[in-house]
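Q: Next comes the structure file entry.cif, holding mmCIF, C-alpha atoms.
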data_coords
loop_
_atom_site.group_PDB
_atom_site.id
_atom_site.type_symbol
_atom_site.label_atom_id
_atom_site.label_comp_id
_atom_site.auth_asym_id
_atom_site.auth_seq_id
_atom_site.Cartn_x
_atom_site.Cartn_y
_atom_site.Cartn_z
ATOM 1 C CA MET A 1 0.000 0.000 0.000
ATOM 2 C CA THR A 2 1.450 3.361 -1.014
ATOM 3 C CA GLU A 3 1.753 6.349 1.273
ATOM 4 C CA ILE A 4 -0.904 8.256 -0.707
ATOM 5 C CA GLU A 5 -3.495 5.475 -0.273
ATOM 6 C CA THR A 6 -2.766 5.309 3.432
ATOM 7 C CA GLN A 7 -3.287 9.043 3.835
ATOM 8 C CA THR A 8 -6.547 8.853 1.868
ATOM 9 C CA LYS A 9 -7.930 6.135 4.131
ATOM 10 C CA LEU A 10 -6.931 8.041 7.237
ATOM 11 C CA GLN A 11 -8.693 11.136 5.926
ATOM 12 C CA LYS A 12 -11.901 9.168 5.242
ATOM 13 C CA HIS A 13 -11.781 7.569 8.672
ATOM 14 C CA GLY A 14 -11.290 10.986 10.252
ATOM 15 C CA LYS A 15 -14.311 12.373 8.401
ATOM 16 C CA GLU A 16 -16.461 9.438 9.550
ATOM 17 C CA GLU A 17 -15.408 9.996 13.153
ATOM 18 C CA THR A 18 -16.199 13.681 12.809
ATOM 19 C CA ASN A 19 -19.640 12.894 11.321
ATOM 20 C CA LYS A 20 -20.410 10.543 14.181
ATOM 21 C CA LYS A 21 -19.499 13.202 16.707
ATOM 22 C CA THR A 22 -21.464 15.938 14.957
ATOM 23 C CA LYS A 23 -24.535 13.822 13.983
ATOM 24 C CA LYS A 24 -27.631 15.243 15.608
ATOM 25 C CA PRO A 25 -29.918 13.013 17.676
ATOM 26 C CA TRP A 26 -32.837 11.430 15.829
ATOM 27 C CA ARG A 27 -36.133 13.266 16.130
ATOM 28 C CA LYS A 28 -39.625 11.944 15.404
ATOM 29 C CA ILE A 29 -40.437 14.429 12.653
ATOM 30 C CA LEU A 30 -41.019 14.062 8.947
ATOM 31 C CA TYR A 31 -40.610 17.594 7.621
ATOM 32 C CA ILE A 32 -36.814 17.748 8.144
ATOM 33 C CA GLN A 33 -34.207 15.677 6.352
ATOM 34 C CA GLN A 34 -32.141 13.943 9.046
ATOM 35 C CA ASP A 35 -28.805 12.125 8.931
ATOM 36 C CA TYR A 36 -30.498 8.769 9.345
ATOM 37 C CA PRO A 37 -31.902 6.253 6.855
ATOM 38 C CA ASP A 38 -35.661 6.024 6.402
ATOM 39 C CA ASN A 39 -35.816 2.651 8.128
ATOM 40 C CA HIS A 40 -33.876 3.811 11.177
ATOM 41 C CA THR A 41 -35.159 2.509 14.523
ATOM 42 C CA ASP A 42 -34.124 4.656 17.435
ATOM 43 C CA LYS A 43 -33.463 3.433 20.962
ATOM 44 C CA SER A 44 -36.354 5.566 22.200
ATOM 45 C CA PHE A 45 -38.870 3.687 20.034
ATOM 46 C CA LEU A 46 -39.939 1.289 22.802
ATOM 47 C CA GLU A 47 -39.804 3.751 25.684
ATOM 48 C CA PHE A 48 -43.566 4.299 25.539
ATOM 49 C CA LEU A 49 -44.516 0.655 24.995
ATOM 50 C CA VAL A 50 -47.503 -0.387 27.122
ATOM 51 C CA LEU A 51 -48.525 -4.031 27.555
ATOM 52 C CA ASN A 52 -52.053 -5.133 28.525
ATOM 53 C CA ALA A 53 -53.088 -1.696 29.760
ATOM 54 C CA THR A 54 -56.803 -2.321 29.209
ATOM 55 C CA SER A 55 -56.949 -6.102 29.641
ATOM 56 C CA ILE A 56 -59.024 -7.368 32.552
ATOM 57 C CA LYS A 57 -57.899 -10.384 34.532
ATOM 58 C CA ARG A 58 -61.035 -12.320 35.414
ATOM 59 C CA ASN A 59 -61.192 -14.822 38.246
ATOM 60 C CA PHE A 60 -62.806 -18.237 38.217
ATOM 61 C CA SER A 61 -65.953 -17.251 40.113
ATOM 62 C CA GLU A 62 -66.821 -14.522 37.586
ATOM 63 C CA LEU A 63 -66.262 -16.820 34.610
ATOM 64 C CA ALA A 64 -68.234 -19.674 36.177
ATOM 65 C CA LEU A 65 -71.107 -17.329 37.039
ATOM 66 C CA ASP A 66 -71.300 -15.997 33.481
ATOM 67 C CA ALA A 67 -71.178 -19.577 32.183
ATOM 68 C CA THR A 68 -74.415 -20.380 34.008
ATOM 69 C CA SER A 69 -76.361 -18.633 31.231
ATOM 70 C CA ILE A 70 -74.945 -21.163 28.754
ATOM 71 C CA THR A 71 -75.799 -24.034 31.088
ATOM 72 C CA GLN A 72 -79.354 -22.740 31.363
ATOM 73 C CA GLU A 73 -79.676 -22.517 27.583
ATOM 74 C CA VAL A 74 -78.381 -26.063 27.100
ATOM 75 C CA SER A 75 -80.764 -27.300 29.807
ATOM 76 C CA ILE A 76 -83.728 -25.519 28.202
ATOM 77 C CA VAL A 77 -82.998 -27.112 24.824
ATOM 78 C CA ALA A 78 -82.666 -30.506 26.522
ATOM 79 C CA LEU A 79 -85.964 -29.972 28.364
ATOM 80 C CA PHE A 80 -87.756 -29.085 25.148
ATOM 81 C CA LEU A 81 -86.421 -32.222 23.456
ATOM 82 C CA ILE A 82 -87.530 -34.308 26.449
ATOM 83 C CA ILE A 83 -91.038 -32.832 26.312
ATOM 84 C CA PHE A 84 -91.189 -33.504 22.579
ATOM 85 C CA ASN A 85 -90.006 -37.087 23.092
ATOM 86 C CA GLN A 86 -92.699 -37.669 25.709
ATOM 87 C CA SER A 87 -95.360 -36.165 23.435
ATOM 88 C CA TYR A 88 -94.170 -38.110 20.395
ATOM 89 C CA ASN A 89 -94.260 -41.414 22.294
ATOM 90 C CA ASN A 90 -97.605 -40.554 23.965
ATOM 91 C CA THR A 91 -96.120 -40.884 27.468
ATOM 92 C CA LEU A 92 -97.074 -37.329 28.467
ATOM 93 C CA SER A 93 -100.788 -36.767 28.859
ATOM 94 C CA LEU A 94 -102.380 -33.765 27.228
ATOM 95 C CA VAL A 95 -103.757 -32.550 30.562
ATOM 96 C CA HIS A 96 -100.287 -32.553 32.122
ATOM 97 C CA PHE A 97 -98.827 -30.769 29.112
ATOM 98 C CA ILE A 98 -101.484 -28.038 29.269
ATOM 99 C CA SER A 99 -100.892 -27.686 33.007
ATOM 100 C CA ILE A 100 -97.144 -27.252 32.441
ATOM 101 C CA ASN A 101 -97.793 -24.468 29.938
ATOM 102 C CA LEU A 102 -100.244 -22.642 32.201
ATOM 103 C CA ILE A 103 -97.912 -22.860 35.206
ATOM 104 C CA LEU A 104 -94.998 -21.567 33.134
ATOM 105 C CA ILE A 105 -97.001 -18.614 31.824
ATOM 106 C CA VAL A 106 -98.362 -17.500 35.203
ATOM 107 C CA LEU A 107 -95.237 -18.199 37.269
ATOM 108 C CA GLY A 108 -92.902 -16.736 34.663
ATOM 109 C CA TYR A 109 -94.956 -13.551 34.379
ATOM 110 C CA LEU A 110 -95.089 -13.065 38.157
ATOM 111 C CA LEU A 111 -91.340 -13.647 38.507
ATOM 112 C CA PHE A 112 -90.655 -11.233 35.662
ATOM 113 C CA ILE A 113 -92.660 -8.513 37.420
ATOM 114 C CA PHE A 114 -90.865 -9.230 40.701
ATOM 115 C CA PHE A 115 -87.296 -9.224 39.350
ATOM 116 C CA THR A 116 -87.771 -6.243 37.051
ATOM 117 C CA HIS A 117 -89.187 -4.252 40.001
ATOM 118 C CA GLU A 118 -92.278 -3.212 38.071
ATOM 119 C CA VAL A 119 -93.767 -0.930 40.720
ATOM 120 C CA ALA A 120 -95.903 0.862 38.140
ATOM 121 C CA ILE A 121 -97.705 -2.294 37.034
ATOM 122 C CA THR A 122 -101.404 -1.666 36.478
ATOM 123 C CA TRP A 123 -104.390 -3.743 35.550
ATOM 124 C CA TRP A 124 -104.382 -2.025 32.179
ATOM 125 C CA ARG A 125 -100.830 -3.232 31.469
ATOM 126 C CA ILE A 126 -101.743 -6.731 32.620
ATOM 127 C CA PHE A 127 -104.748 -6.635 30.305
ATOM 128 C CA ASN A 128 -102.539 -5.573 27.365
ATOM 129 C CA HIS A 129 -100.075 -8.369 28.073
ATOM 130 C CA LEU A 130 -102.919 -10.869 28.359
ATOM 131 C CA LYS A 131 -104.377 -9.651 25.075
ATOM 132 C CA THR A 132 -100.991 -10.126 23.375
ATOM 133 C CA PHE A 133 -100.763 -13.693 24.694
ATOM 134 C CA ILE A 134 -104.269 -14.513 23.521
ATOM 135 C CA ILE A 135 -103.649 -13.146 20.013
ATOM 136 C CA LEU A 136 -100.377 -15.050 19.748
ATOM 137 C CA PHE A 137 -101.819 -18.338 20.968
ATOM 138 C CA LEU A 138 -104.889 -18.022 18.748
ATOM 139 C CA THR A 139 -102.565 -17.494 15.789
ATOM 140 C CA LEU A 140 -100.585 -20.598 16.725
ATOM 141 C CA PHE A 141 -103.791 -22.580 17.168
ATOM 142 C CA SER A 142 -105.111 -21.545 13.750
ATOM 143 C CA LEU A 143 -101.818 -22.496 12.094
ATOM 144 C CA SER A 144 -101.493 -25.857 13.848
ATOM 145 C CA PRO A 145 -103.251 -27.923 11.120
ATOM 146 C CA VAL A 146 -100.943 -26.449 8.487
ATOM 147 C CA LEU A 147 -97.819 -26.914 10.576
ATOM 148 C CA ARG A 148 -98.689 -30.531 11.395
ATOM 149 C CA THR A 149 -98.571 -31.471 7.709
ATOM 150 C CA LEU A 150 -95.641 -29.204 6.857
ATOM 151 C CA THR A 151 -93.047 -31.996 6.634
ATOM 152 C CA LYS A 152 -95.325 -34.894 5.773
ATOM 153 C CA SER A 153 -93.251 -35.920 2.745
ATOM 154 C CA ILE A 154 -89.919 -35.826 4.615
ATOM 155 C CA SER A 155 -88.510 -38.833 6.449
ATOM 156 C CA ASN A 156 -88.075 -38.893 10.210
ATOM 157 C CA ASP A 157 -84.283 -39.282 10.006
ATOM 158 C CA THR A 158 -84.006 -36.069 8.006
ATOM 159 C CA ILE A 159 -86.212 -34.236 10.504
ATOM 160 C CA TRP A 160 -84.179 -35.438 13.511
ATOM 161 C CA ALA A 161 -80.882 -34.430 11.901
ATOM 162 C CA LEU A 162 -82.185 -31.032 10.800
ATOM 163 C CA ALA A 163 -83.697 -30.326 14.227
ATOM 164 C CA ILE A 164 -80.437 -31.164 16.023
ATOM 165 C CA PHE A 165 -78.522 -28.928 13.628
ATOM 166 C CA LEU A 166 -80.961 -26.048 14.180
ATOM 167 C CA PHE A 167 -80.746 -26.303 17.960
ATOM 168 C CA PHE A 168 -76.950 -26.296 17.739
ATOM 169 C CA LEU A 169 -77.240 -23.067 15.745
ATOM 170 C CA HIS A 170 -79.594 -21.698 18.376
ATOM 171 C CA LEU A 171 -77.077 -22.404 21.146
ATOM 172 C CA PHE A 172 -74.153 -21.022 19.171
ATOM 173 C CA PHE A 173 -75.787 -17.724 18.139
ATOM 174 C CA GLN A 174 -77.699 -16.993 21.348
ATOM 175 C CA ASP A 175 -77.296 -13.505 22.817
ATOM 176 C CA TYR A 176 -75.391 -14.461 25.969
ATOM 177 C CA ASP A 177 -74.372 -10.844 26.597
ATOM 178 C CA TYR A 178 -78.030 -10.042 27.174
ATOM 179 C CA LEU A 179 -78.609 -13.122 29.314
ATOM 180 C CA ASN A 180 -75.662 -12.108 31.514
ATOM 181 C CA GLY A 181 -76.988 -8.570 31.892
ATOM 182 C CA PHE A 182 -74.196 -6.876 29.939
ATOM 183 C CA LYS A 183 -76.694 -5.055 27.708
ATOM 184 C CA GLU A 184 -80.355 -4.104 27.844
ATOM 185 C CA ARG A 185 -81.624 -5.091 24.393
ATOM 186 C CA PHE A 186 -82.133 -8.692 23.369
ATOM 187 C CA PHE A 187 -80.969 -9.232 19.799
ATOM 188 C CA ALA A 188 -80.575 -12.801 18.584
ATOM 189 C CA PRO A 189 -82.870 -13.145 15.556
ATOM 190 C CA PHE A 190 -80.920 -15.989 13.965
ATOM 191 C CA SER A 191 -80.803 -17.983 17.196
ATOM 192 C CA LEU A 192 -84.497 -17.455 17.908
ATOM 193 C CA ASN A 193 -85.539 -18.331 14.351
ATOM 194 C CA ALA A 194 -83.425 -21.490 14.452
ATOM 195 C CA ALA A 195 -85.077 -22.591 17.712
ATOM 196 C CA ILE A 196 -88.607 -21.839 16.479
ATOM 197 C CA PHE A 197 -88.004 -23.535 13.130
ATOM 198 C CA GLY A 198 -86.555 -26.569 14.910
ATOM 199 C CA SER A 199 -89.632 -26.639 17.131
ATOM 200 C CA VAL A 200 -91.964 -26.398 14.136
ATOM 201 C CA ILE A 201 -90.418 -29.299 12.238
ATOM 202 C CA LEU A 202 -90.465 -31.457 15.373
ATOM 203 C CA ALA A 203 -94.067 -30.508 16.102
ATOM 204 C CA SER A 204 -94.984 -31.541 12.561
ATOM 205 C CA ARG A 205 -94.289 -35.181 13.537
ATOM 206 C CA LEU A 206 -97.016 -35.183 16.198
ATOM 207 C CA ASN A 207 -100.371 -36.798 15.458
ATOM 208 C CA SER A 208 -102.690 -34.136 16.894
ATOM 209 C CA ASN A 209 -103.328 -30.541 15.907
ATOM 210 C CA PHE A 210 -103.906 -29.534 19.511
ATOM 211 C CA LEU A 211 -100.677 -31.243 20.593
ATOM 212 C CA VAL A 212 -98.822 -29.292 17.905
ATOM 213 C CA PHE A 213 -100.310 -26.085 19.282
ATOM 214 C CA ILE A 214 -99.333 -26.915 22.889
ATOM 215 C CA LEU A 215 -95.766 -27.840 21.906
ATOM 216 C CA LEU A 216 -95.291 -24.623 19.913
ATOM 217 C CA ALA A 217 -96.730 -22.576 22.783
ATOM 218 C CA PHE A 218 -94.216 -24.254 25.089
ATOM 219 C CA SER A 219 -91.452 -23.524 22.570
ATOM 220 C CA PHE A 220 -92.405 -19.858 22.421
ATOM 221 C CA GLN A 221 -92.264 -19.586 26.199
ATOM 222 C CA VAL A 222 -88.867 -21.222 26.702
ATOM 223 C CA PHE A 223 -87.086 -19.752 23.677
ATOM 224 C CA ALA A 224 -88.670 -16.317 23.197
ATOM 225 C CA LEU A 225 -89.914 -15.282 26.647
ATOM 226 C CA SER A 226 -87.535 -16.979 29.079
ATOM 227 C CA PRO A 227 -84.523 -14.810 28.040
ATOM 228 C CA LEU A 228 -86.386 -11.747 29.373
ATOM 229 C CA LEU A 229 -86.864 -13.364 32.773
ATOM 230 C CA ARG A 230 -83.343 -14.806 32.942
ATOM 231 C CA HIS A 231 -81.856 -11.412 32.064
ATOM 232 C CA SER A 232 -83.763 -9.822 34.940
ATOM 233 C CA ILE A 233 -82.708 -12.550 37.377
ATOM 234 C CA LYS A 234 -79.024 -12.262 36.430
ATOM 235 C CA LYS A 235 -79.096 -8.493 36.930
ATOM 236 C CA SER A 236 -80.960 -8.712 40.231
ATOM 237 C CA SER A 237 -79.218 -11.476 42.169
ATOM 238 C CA ASN A 238 -76.257 -13.781 41.563
ATOM 239 C CA GLU A 239 -77.544 -16.133 44.256
ATOM 240 C CA VAL A 240 -80.892 -16.575 42.496
ATOM 241 C CA GLN A 241 -79.037 -17.048 39.202
ATOM 242 C CA ILE A 242 -76.998 -19.904 40.689
ATOM 243 C CA LEU A 243 -80.055 -21.414 42.387
ATOM 244 C CA SER A 244 -82.133 -21.320 39.194
ATOM 245 C CA THR A 245 -79.273 -22.937 37.259
ATOM 246 C CA VAL A 246 -78.953 -25.751 39.822
ATOM 247 C CA LEU A 247 -82.718 -26.358 39.820
ATOM 248 C CA LEU A 248 -82.842 -26.378 36.027
ATOM 249 C CA PHE A 249 -79.881 -28.766 35.854
ATOM 250 C CA THR A 250 -81.408 -31.099 38.457
ATOM 251 C CA LEU A 251 -84.774 -31.151 36.693
ATOM 252 C CA THR A 252 -83.209 -31.828 33.304
ATOM 253 C CA PHE A 253 -80.924 -34.555 34.630
ATOM 254 C CA GLY A 254 -83.788 -36.223 36.491
ATOM 255 C CA LEU A 255 -85.888 -36.331 33.311
ATOM 256 C CA ILE A 256 -83.068 -37.573 31.063
ATOM 257 C CA VAL A 257 -81.974 -40.522 33.250
ATOM 258 C CA PRO A 258 -85.142 -42.645 32.741
ATOM 259 C CA ILE A 259 -84.999 -42.054 28.985
ATOM 260 C CA ASN A 260 -81.330 -42.703 28.249
ATOM 261 C CA ARG A 261 -78.509 -42.985 30.785
ATOM 262 C CA LEU A 262 -75.824 -42.351 28.179
ATOM 263 C CA SER A 263 -77.502 -39.063 27.262
ATOM 264 C CA ALA A 264 -77.600 -38.158 30.960
ATOM 265 C CA ILE A 265 -73.851 -38.811 31.284
ATOM 266 C CA ILE A 266 -73.146 -36.700 28.195
ATOM 267 C CA TYR A 267 -75.326 -33.920 29.603
ATOM 268 C CA VAL A 268 -73.490 -33.926 32.955
ATOM 269 C CA PHE A 269 -70.107 -33.952 31.198
ATOM 270 C CA LEU A 270 -71.145 -31.034 28.981
ATOM 271 C CA VAL A 271 -72.381 -28.972 31.937
ATOM 272 C CA ALA A 272 -69.175 -29.720 33.871
ATOM 273 C CA CYS A 273 -67.092 -28.531 30.917
ATOM 274 C CA ILE A 274 -69.158 -25.361 30.510
ATOM 275 C CA ASN A 275 -69.152 -24.355 34.178
ATOM 276 C CA PHE A 276 -65.760 -25.619 35.332
ATOM 277 C CA GLY A 277 -63.541 -26.825 32.496
ATOM 278 C CA PHE A 278 -63.819 -23.959 30.027
ATOM 279 C CA PRO A 279 -63.443 -21.196 32.679
ATOM 280 C CA LEU A 280 -60.240 -22.855 33.913
ATOM 281 C CA VAL A 281 -58.907 -23.083 30.359
ATOM 282 C CA LEU A 282 -59.752 -19.420 29.766
ATOM 283 C CA MET A 283 -58.018 -18.389 32.989
ATOM 284 C CA ASP A 284 -54.892 -20.289 31.957
ATOM 285 C CA ALA A 285 -55.000 -18.720 28.485
ATOM 286 C CA GLN A 286 -54.990 -15.189 29.919
ATOM 287 C CA LYS A 287 -51.227 -15.383 30.479
ATOM 288 C CA TRP A 288 -50.716 -15.640 26.709
ATOM 289 C CA LYS A 289 -52.655 -12.481 25.970
ATOM 290 C CA PHE A 290 -50.489 -9.529 24.922
ATOM 291 C CA PHE A 291 -52.178 -6.286 23.951
ATOM 292 C CA ILE A 292 -49.495 -3.857 22.762
ATOM 293 C CA GLN A 293 -50.080 -0.105 22.813
ATOM 294 C CA GLY A 294 -47.797 2.811 22.024
ATOM 295 C CA PRO A 295 -47.452 6.171 20.277
ATOM 296 C CA TRP A 296 -47.608 4.428 16.900
ATOM 297 C CA ASP A 297 -51.309 3.606 17.397
ATOM 298 C CA CYS A 298 -53.999 5.577 15.631
ATOM 299 C CA ALA A 299 -55.363 8.489 17.614
ATOM 300 C CA VAL A 300 -58.603 7.827 19.468
ATOM 301 C CA VAL A 301 -61.070 10.662 19.906
ATOM 302 C CA GLN A 302 -62.221 10.892 23.498
ATOM 303 C CA ASN A 303 -65.883 11.577 24.233
ATOM 304 C CA THR A 304 -65.906 14.877 26.108
ATOM 305 C CA HIS A 305 -69.515 14.410 27.205
ATOM 306 C CA ASP A 306 -68.732 11.473 29.488
#
Rewrite the coordinates I just gave you, this time as structure tokens.

A:
Amino acid sequence: MTEIETQTKLQKHGKEETNKKTKKPWRKILYIQQDYPDNHTDKSFLEFLVLNATSIKRNFSELALDATSITQEVSIVALFLIIFNQSYNNTLSLVHFISINLILIVLGYLLFIFFTHEVAITWWRIFNHLKTFIILFLTLFSLSPVLRTLTKSISNDTIWALAIFLFFLHLFFQDYDYLNGFKERFFAPFSLNAAIFGSVILASRLNSNFLVFILLAFSFQVFALSPLLRHSIKKSSNEVQILSTVLLFTLTFGLIVPINRLSAIIYVFLVACINFGFPLVLMDAQKWKFFIQGPWDCAVVQNTHD
């Protein structure tokens, strides 16, 4: 290496050292050309990193309590299928079935008034509610002959499979936020339609128009009206929510055992998973949740009226 080349390299090295000493610190601005490449990542980039600032760690009791709404829904579907099975096999008398419907209507309405704290209830409001029930049930009664022959040309196996599929859809798309009292408006049209349609195709296999009417009236009560009562109970008292879930589970289990013990075991296993297994899994999965926030996030407009 010649002396000239050596001097040239020393001069370049000296300039680089000078540039390093005189280079200005990086600033987070775009309107000035800085002495850094466009993809430069400064040491201060992660200074304002925030992890899981808004995440809520939920305990087992909260998760298990919220899961009771799912257990209730599963139990209600199981109860409806049990009632249909008894009606289909003519092991449930018509008098008993009518009595069950009347008790559910009266008791459910009284409990709804009690848990919603309807202090302004009047005879006029009761009359309006009664009129609505009568119109609805008369409509169901008039449609019963048509509904009984709705699936006459379809085999039983197809009806059973379709009904099971529809009730699975009902359970999957149910508005559990409303049932747990997290919101005030019930909105689950797909779930409700699936349950009613499943009830209609099952009712079409019965051999009596009046039995079809009674089964559909029972379906309307448990699938369309019971969410209103269960929402009020969950908002009013956690103790009553737990008690109602235990009673519903006990009733369902007691009715399933004489019909099919394997189904009873599956039902108990499913309820145990819903109320104990899945909450434990969710609690364990919380440690893997990372919600990253920082100055690179989009700006969020705060509501000044709150």

Q: Just checking: using all atoms listed in the file, which residue out of A:Ala161, A:Ile214, A:Leu270, A:Leu248 ends up closest to Ser99 in chain A?

A: A:Ile214

Q: Go ahead and compute the interatomic distance for CA of Ala203 in chain A and CA of Leu150 in chain A, in Å to one decimal.

A: 9.5 Å

Q: Kindly give the distance, in Å, that separates CA of Ala163 in chain A and CA of Gly198 in chain A, rounded to a single decimal.

A: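 For CA of Ala163 in chain A relative to CA of Gly198 in chain A, the distance reads 4.8 Å.
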
Q: Counting only C-alpha atoms, what is within 9 Å of range 85-89 of chain A, bar same-chain residues fewer than 4 positions away, as a PyMOL selection string?

A: chain A and resi 80-81+93-94+97+203+205-207+211+215

Q: With the PyMOL selection byres ((chain A and resi 276-291) around 12) as the selection, what would be picked from this file? Answer as a PyMOL selection string, please.

A: chain A and resi 49-68+70-71+268-275+292-294+297

Q: Applying 10 Å and all atoms listed in the file, which residues near Arg27 in chain A remain after dropping the ones on its own chain fewer than 4 positions away? List them as a VMD selection string.

A: chain A and resid 32 34 36 42 44

Q: If I take CA of Ala195 in chain A and CA of Tyr109 in chain A, how far is one from the other in Å, to one decimal?

A: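 According to the coordinates, CA of Ala195 in chain A and CA of Tyr109 in chain A are separated by 21.4 Å.
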
Q: Tell me which of A:Ile233, A:Phe253, A:Leu107, A:Asn101 sits closest to Tyr267 in chain A, counting only C-alpha atoms.

A: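 Nearest candidate to Tyr267 in chain A out of A:Ile233, A:Phe253, A:Leu107, A:Asn101: A:Phe253.
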
Q: Using only C-alpha atoms, which protein or nucleic acid residues come within 9 Å of Leu140 in chain A? Drop anything in the same chain fewer than 4 positions from it, and give the result as a ChimeraX atom specification.

A: /A:135-136,144,212-214,216-217

Q: Which one is closest to Asp175 in chain A: A:Ile201, A:Ile113, A:Ala224, A:Val240? Count all atoms listed in the file.

A: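 Of the candidates, the smallest distance to Asp175 in chain A is held by A:Ala224.
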
Q: With all atoms listed in the file as the basis for distance, which of A:Leu30, A:Ile126, A:Leu104, A:Ala188 is at the shortest distance from Pro227 in chain A?

A: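 Comparing A:Leu30, A:Ile126, A:Leu104, A:Ala188 against Pro227 in chain A, the winner is A:Ala188.
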
Q: Given only C-alpha atoms as the basis, pick out the residue of A:Val257, A:Val200, A:Leu169, A:Ile265 nearest to Phe84 in chain A.

A: A:Val200

Q: Under the rule that only C-alpha atoms are counted, which of A:Val222, A:Val301, A:Leu229, A:Leu166 is the nearest residue to Ile100 in chain A?

A: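 Distance minimum relative to Ile100 in chain A lands on A:Val222.
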
Q: Would you kindly translate the PyMOL selection byres ((chain A and resi 43) around 12) into the concrete residues it picks from this file, as a list in words?

A: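 When the PyMOL selection byres ((chain A and resi 43) around 12) is applied, the selected residues are Pro25, Trp26, Arg27, Lys28, His40, Thr41, Asp42, Ser44, Phe45, Leu46, Glu47 and Phe48 of chain A.
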
Q: Would you mind completing range 151-166 of chain A to N, CA and C atoms and writing the output as a compact mmCIF listing (two decimals), keeping the file's coordinate frame?

A:
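Wrote out12.txt, looks like this:
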# COMPACT_ATOMS: atom_id res chain seq x y z
N THR A 151 -94.17 -31.12 7.05
CA THR A 151 -93.05 -32.00 6.63
C THR A 151 -93.53 -33.43 6.42
N LYS A 152 -94.74 -33.56 5.93
CA LYS A 152 -95.32 -34.89 5.77
C LYS A 152 -94.54 -35.76 4.80
N SER A 153 -93.96 -35.15 3.78
CA SER A 153 -93.25 -35.92 2.74
C SER A 153 -91.78 -36.14 3.07
N ILE A 154 -91.33 -35.71 4.24
CA ILE A 154 -89.92 -35.83 4.62
C ILE A 154 -89.78 -36.93 5.65
N SER A 155 -88.72 -37.71 5.54
CA SER A 155 -88.51 -38.83 6.45
C SER A 155 -88.15 -38.35 7.85
N ASN A 156 -88.38 -39.23 8.82
CA ASN A 156 -88.08 -38.89 10.21
C ASN A 156 -86.58 -38.64 10.43
N ASP A 157 -85.73 -39.45 9.81
CA ASP A 157 -84.28 -39.28 10.01
C ASP A 157 -83.82 -37.89 9.58
N THR A 158 -84.36 -37.42 8.47
CA THR A 158 -84.01 -36.07 8.01
C THR A 158 -84.47 -35.01 8.99
N ILE A 159 -85.67 -35.20 9.54
CA ILE A 159 -86.21 -34.24 10.50
C ILE A 159 -85.37 -34.22 11.77
N TRP A 160 -85.00 -35.39 12.28
CA TRP A 160 -84.18 -35.44 13.51
C TRP A 160 -82.84 -34.73 13.29
N ALA A 161 -82.19 -35.03 12.18
CA ALA A 161 -80.88 -34.43 11.90
C ALA A 161 -80.99 -32.91 11.74
N LEU A 162 -82.01 -32.47 11.01
CA LEU A 162 -82.18 -31.03 10.80
C LEU A 162 -82.51 -30.31 12.11
N ALA A 163 -83.34 -30.94 12.94
CA ALA A 163 -83.70 -30.33 14.23
C ALA A 163 -82.48 -30.19 15.13
N ILE A 164 -81.65 -31.23 15.20
CA ILE A 164 -80.44 -31.16 16.02
C ILE A 164 -79.52 -30.06 15.52
N PHE A 165 -79.37 -29.97 14.21
CA PHE A 165 -78.52 -28.93 13.63
C PHE A 165 -79.05 -27.53 13.97
N LEU A 166 -80.36 -27.36 13.89
CA LEU A 166 -80.96 -26.05 14.18
C LEU A 166 -80.79 -25.66 15.65
